[in-house]
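**Student:** The structure under discussion is supplied below as structure tokens; questions concerning it will follow.
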Amino acid sequence: MTTTTSPLRIALIGTGFMGRMHTQAWRTAPRFFDLPYEPVPALLVGRRADATAEVAARLEWPEHSVDWREAVERDDIDVIDICTPGDTHAEIALAALAAGKHVLCEKPLANSVAEADEMVDAATRATGIAMCGFSYRRTPALALAKELIADGRVGEIRHVRAQYLQDWLSDPDAPHTWRLDRDRAGSGALGDIGAHSIDTAQWLAGQSIEAVSATMRTFVTSRPRRGAVEGLGGVAADTADRLPVTVDDAAAFTARFDGGALGVFEATRMSTGRRNANRIEIAGDRGAIAFDFERMNELEVYDAAADAAQGFRRVQVTEARHPYAGAWWPAGHGLGYEHLFTHQAVDFVRAVAGEIPVSPTFADAAQVQRVLAAVERSAEHDSILTPVATAAGDPEGTPA
């Protein structure tokens, strides 16, 4: 691929799973896509000096630091890529935008609506662009679904059904992580993976969620401190080795969209046997689309007028004419999870150059944050009616 010689120097904050994924994306993007600028990994920032140095050496970052403020203050850094826990997003992003940097921030945008709104205000005033990393938007099959829905192929949307099912916490003795600490993560399955479903649903439907009714559960209230579990499937030596779980394990809610659609959502990290089942189905009066990330190169499409067999058609989204796919392999050769982040890097660079709009914006991400907050408030108020036998004249049931 050809790329201009003008560099876009990247400082990445965070050395964990997402940091490694973003590193690969920045390096891969200019090798498969024609870009207006060349993204150049310049500075890796972590929390511990020894661990950060080790990751920087392995991933070939030329410089490393344990102070994110160094990245913000340096004149030779153009982009701040935030891959840290949610409790640090706002502080880093606000400082970076004030310094004139472009910002890519992992989801969810913040740990509160107030923080998210402050970030939106800063992005509005900033000279750099601000994008939130809802990477599933960059799945070719979902990008194709977006095109089909926008073209009216499903007609008036009536139903949105979304599930995000994982099972990595189904073992009650799986070790504690920062994702189980509300002060750091903001919420549990709801914010970690449910946020993806909310963003995908609103983006695909072109509608915003305006009301919810929710319930949430924490099935395992404490977990072993990392390193305290003896052997595979073992248990912590004593209760002192366990830490409290202060977030949800699972959330379920119904939703009303401002365009009239009815939504049903489920997010859990305790759905035994489901590794990464990110599913969505959108049905309208003319057709429907269905997607499951465990079959990420496929899209199911139903055309109510044309399909005499009255069934979904399975589309392999690997053709050169499909979104993003033409930059990769011959038709039929599927992509994987890492490609979403490469596509995200591509779109970010093109947005910096003004070739395409920023998407999703911080404002889009703040709308997701409002839905997350509304789900939590609904669950706290437990506005549920119990299905008990009712006396004559009491058809509404009993509030739980």
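Here, A, B, ... name the chains of the structure tokens in the order displayed, residue numbers run from 1 inside each chain, and ligands are numbered from 1 in the same displayed order.
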Please list as a JSON list (two decimals) with all heavy atoms, in the first residue's frame every residue within 12 Å of Pro357 in chain A, counting only C-alpha atoms and excluding residues in the same chain fewer than 6 positions away.
**Tutor:**
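What landed in result_21.json:
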```json
[["chain", "number", "residue", "atom", "x", "y", "z"],
["A", 129, "ILE", "N", -9.48, 15.65, 16.95],
["A", 129, "ILE", "CA", -10.69, 14.84, 16.90],
["A", 129, "ILE", "C", -10.75, 13.96, 18.14],
["A", 129, "ILE", "O", -9.74, 13.68, 18.78],
["A", 129, "ILE", "CB", -10.79, 13.99, 15.63],
["A", 129, "ILE", "CG1", -9.80, 12.81, 15.67],
["A", 129, "ILE", "CG2", -10.59, 14.84, 14.37],
["A", 129, "ILE", "CD1", -10.14, 11.71, 14.69],
["A", 130, "ALA", "N", -11.95, 13.49, 18.47],
["A", 130, "ALA", "CA", -12.16, 12.60, 19.61],
["A", 130, "ALA", "C", -13.09, 11.48, 19.18],
["A", 130, "ALA", "O", -14.23, 11.73, 18.77],
["A", 130, "ALA", "CB", -12.75, 13.37, 20.79],
["A", 131, "MET", "N", -12.62, 10.25, 19.27],
["A", 131, "MET", "CA", -13.39, 9.07, 18.86],
["A", 131, "MET", "C", -13.41, 8.07, 20.00],
["A", 131, "MET", "O", -12.43, 7.92, 20.72],
["A", 131, "MET", "CB", -12.78, 8.43, 17.61],
["A", 131, "MET", "CG", -13.48, 7.17, 17.13],
["A", 131, "MET", "SD", -12.61, 6.34, 15.75],
["A", 131, "MET", "CE", -12.90, 7.51, 14.43],
["A", 347, "ASP", "N", -10.08, 4.15, 10.09],
["A", 347, "ASP", "CA", -11.11, 5.18, 10.11],
["A", 347, "ASP", "C", -10.68, 6.37, 10.96],
["A", 347, "ASP", "O", -11.03, 7.52, 10.66],
["A", 347, "ASP", "CB", -12.43, 4.60, 10.63],
["A", 347, "ASP", "CG", -13.10, 3.68, 9.62],
["A", 347, "ASP", "OD1", -12.66, 3.66, 8.45],
["A", 347, "ASP", "OD2", -14.06, 2.99, 10.00],
["A", 348, "PHE", "N", -9.94, 6.12, 12.03],
["A", 348, "PHE", "CA", -9.45, 7.21, 12.86],
["A", 348, "PHE", "C", -8.51, 8.11, 12.07],
["A", 348, "PHE", "O", -8.65, 9.34, 12.08],
["A", 348, "PHE", "CB", -8.74, 6.65, 14.10],
["A", 348, "PHE", "CG", -8.30, 7.70, 15.08],
["A", 348, "PHE", "CD1", -9.14, 8.12, 16.09],
["A", 348, "PHE", "CD2", -7.05, 8.28, 14.98],
["A", 348, "PHE", "CE1", -8.75, 9.10, 17.00],
["A", 348, "PHE", "CE2", -6.63, 9.25, 15.88],
["A", 348, "PHE", "CZ", -7.48, 9.67, 16.89],
["A", 349, "VAL", "N", -7.55, 7.51, 11.37],
["A", 349, "VAL", "CA", -6.60, 8.30, 10.59],
["A", 349, "VAL", "C", -7.32, 9.09, 9.50],
["A", 349, "VAL", "O", -7.02, 10.27, 9.26],
["A", 349, "VAL", "CB", -5.52, 7.39, 9.98],
["A", 349, "VAL", "CG1", -4.62, 8.16, 9.02],
["A", 349, "VAL", "CG2", -4.68, 6.75, 11.08],
["A", 350, "ARG", "N", -8.27, 8.46, 8.84],
["A", 350, "ARG", "CA", -9.01, 9.16, 7.79],
["A", 350, "ARG", "C", -9.86, 10.29, 8.37],
["A", 350, "ARG", "O", -10.04, 11.33, 7.73],
["A", 350, "ARG", "CB", -9.87, 8.16, 7.01],
["A", 350, "ARG", "CG", -9.02, 7.23, 6.14],
["A", 350, "ARG", "CD", -9.83, 6.16, 5.44],
["A", 350, "ARG", "NE", -8.97, 5.41, 4.52],
["A", 350, "ARG", "CZ", -9.32, 4.26, 3.95],
["A", 350, "ARG", "NH1", -10.50, 3.71, 4.21],
["A", 350, "ARG", "NH2", -8.48, 3.65, 3.11],
["A", 351, "ALA", "N", -10.37, 10.10, 9.58],
["A", 351, "ALA", "CA", -11.13, 11.17, 10.23],
["A", 351, "ALA", "C", -10.21, 12.32, 10.61],
["A", 351, "ALA", "O", -10.60, 13.50, 10.51],
["A", 351, "ALA", "CB", -11.87, 10.63, 11.46]]
```
**Student:** DSSP on the backbone, strand (DSSP E or B) only: what residues of range 57-172 of chain A does that give? Format it as a list of chain:residue names.
**Tutor:**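 Here are the strand (DSSP E or B) residues of range 57-172 of chain A: A:Glu63, A:His64, A:Ser65, A:Val79, A:Ile80, A:Asp81, A:Ile82, A:His102, A:Val103, A:Leu104, A:Cys105, A:Glu106, A:Ala130, A:Met131, A:Cys132, A:Gly133, A:Ile157, A:Arg158, A:His159, A:Val160, A:Arg161, A:Ala162, A:Gln163, A:Tyr164, A:Leu165.
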**Student:** Output C-alpha atoms for every residue in the selection just made, as a short mmCIF file (atom, residue, chain, number, x, y, z; two decimals), in the first residue's frame.
**Tutor:**
```cif
data_model
loop_
_atom_site.label_atom_id
_atom_site.label_comp_id
_atom_site.auth_asym_id
_atom_site.auth_seq_id
_atom_site.Cartn_x
_atom_site.Cartn_y
_atom_site.Cartn_z
CA GLU A 63 10.02 4.60 24.01
CA HIS A 64 8.12 3.86 27.19
CA SER A 65 7.04 5.72 30.33
CA VAL A 79 -2.53 11.02 19.15
CA ILE A 80 -3.34 9.82 22.66
CA ASP A 81 -4.81 6.31 22.54
CA ILE A 82 -6.47 5.48 25.90
CA HIS A 102 -6.30 13.74 18.79
CA VAL A 103 -7.88 11.19 21.16
CA LEU A 104 -9.03 7.61 20.72
CA CYS A 105 -10.65 6.36 23.95
CA GLU A 106 -11.75 2.80 24.65
CA ALA A 130 -12.16 12.60 19.61
CA MET A 131 -13.39 9.07 18.86
CA CYS A 132 -14.64 6.31 21.16
CA GLY A 133 -13.51 2.75 20.49
CA ILE A 157 -37.89 -1.27 12.43
CA ARG A 158 -40.09 -2.96 14.99
CA HIS A 159 -37.81 -5.23 17.01
CA VAL A 160 -34.21 -5.07 18.21
CA ARG A 161 -32.89 -8.13 20.06
CA ALA A 162 -29.33 -8.05 21.38
CA GLN A 163 -27.36 -10.47 23.52
CA TYR A 164 -23.73 -10.42 24.57
CA LEU A 165 -22.91 -13.72 26.25
#
```
**Student:** With only C-alpha atoms as the basis for distance, which of A:Leu35, A:Thr215, A:Asp121, A:Lys101 is at the shortest distance from Ala363 in chain A?
**Tutor:**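 Using only C-alpha atoms, Ala363 in chain A sits closest to A:Asp121.
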**Student:** Please return, as an MDAnalysis selection string, all residues of range 121-312 of chain A that DSSP assigns to helix (DSSP H, G or I) on the basis of the backbone.
**Tutor:** chainID A and resid 121:125 135:138 140:150 178:180 182:185 189:205 239:241 293:295
**Student:** Work out how far apart CA of Ala290 in chain A and CA of Gly263 in chain A are and give it in Å to one decimal.
**Tutor:**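 It comes out at 14.1 Å.
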**Student:** For Glu60 in chain A, work out the shell of residues within 10 Å, counting only C-alpha atoms and skipping chain neighbours fewer than 6 positions away, then give it as a PyMOL selection string.
**Tutor:** chain A and resi 23+41-42+44+54
**Student:** Kindly export the residues of the current selection with N, CA, C and O atoms, as a PDB file, in the first residue's frame.
**Tutor:**
```pdb
ATOM      1  N   THR A  23      -1.886  -1.835  19.525  1.00  0.00           N
ATOM      2  CA  THR A  23      -0.549  -1.804  18.954  1.00  0.00           C
ATOM      3  C   THR A  23      -0.522  -2.493  17.598  1.00  0.00           C
ATOM      4  O   THR A  23       0.012  -1.958  16.608  1.00  0.00           O
ATOM      5  N   PRO A  41       3.748   4.217  15.942  1.00  0.00           N
ATOM      6  CA  PRO A  41       3.823   3.985  17.381  1.00  0.00           C
ATOM      7  C   PRO A  41       5.087   4.613  17.945  1.00  0.00           C
ATOM      8  O   PRO A  41       6.204   4.263  17.561  1.00  0.00           O
ATOM      9  N   ALA A  42       4.919   5.557  18.880  1.00  0.00           N
ATOM     10  CA  ALA A  42       6.065   6.325  19.372  1.00  0.00           C
ATOM     11  C   ALA A  42       6.334   6.116  20.855  1.00  0.00           C
ATOM     12  O   ALA A  42       7.493   6.039  21.271  1.00  0.00           O
ATOM     13  N   LEU A  44       4.848   4.160  24.574  1.00  0.00           N
ATOM     14  CA  LEU A  44       3.956   3.276  25.325  1.00  0.00           C
ATOM     15  C   LEU A  44       4.012   3.667  26.791  1.00  0.00           C
ATOM     16  O   LEU A  44       5.099   3.803  27.366  1.00  0.00           O
ATOM     17  N   GLU A  54       9.094  -4.285  29.596  1.00  0.00           N
ATOM     18  CA  GLU A  54       9.019  -5.617  28.980  1.00  0.00           C
ATOM     19  C   GLU A  54       8.051  -5.628  27.800  1.00  0.00           C
ATOM     20  O   GLU A  54       8.355  -6.148  26.728  1.00  0.00           O
TER      21      GLU A  54
END
```
**Student:** Once you count only C-alpha atoms, what closest atom pair and distance in Å to one decimal does each residue of range 216-325 of chain A within 10 Å of range 335-338 of chain A have, with rows by chain and rising residue number, as a Markdown table?
**Tutor:**
```
| residue | atom | partner | partner_atom | distance |
| --- | --- | --- | --- | --- |
| A:Phe293 | CA | A:Tyr337 | CA | 9.0 |
| A:Glu294 | CA | A:Tyr337 | CA | 9.9 |
| A:Arg295 | CA | A:Gly336 | CA | 9.8 |
| A:Met296 | CA | A:Gly336 | CA | 7.6 |
| A:Asn297 | CA | A:Leu335 | CA | 6.8 |
| A:Val317 | CA | A:Leu335 | CA | 9.5 |
| A:Thr318 | CA | A:Leu335 | CA | 8.1 |
| A:Ala325 | CA | A:Leu335 | CA | 8.3 |
```
**Student:** How many Å lie between CA of Leu148 in chain A and CA of Ala365 in chain A, rounded to one decimal?
**Tutor:**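 These two atoms are separated by 23.2 Å.
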**Student:** Show which residues sit within 8 Å of Thr177 in chain A, as a compact mmCIF listing (two decimals) with N, CA and C atoms, in the first residue's frame. Count only C-alpha atoms, and ignore same-chain residues fewer than 3 positions away.
**Tutor:**
```
# COMPACT_ATOMS: atom_id res chain seq x y z
N LEU A 180 -13.92 -6.28 38.10
CA LEU A 180 -14.91 -6.62 39.12
C LEU A 180 -14.96 -5.59 40.25
N ASP A 181 -14.23 -4.50 40.06
CA ASP A 181 -14.17 -3.42 41.04
C ASP A 181 -14.89 -2.20 40.47
N ARG A 226 -5.95 -12.62 42.85
CA ARG A 226 -5.11 -13.25 41.83
C ARG A 226 -3.83 -13.80 42.48
```
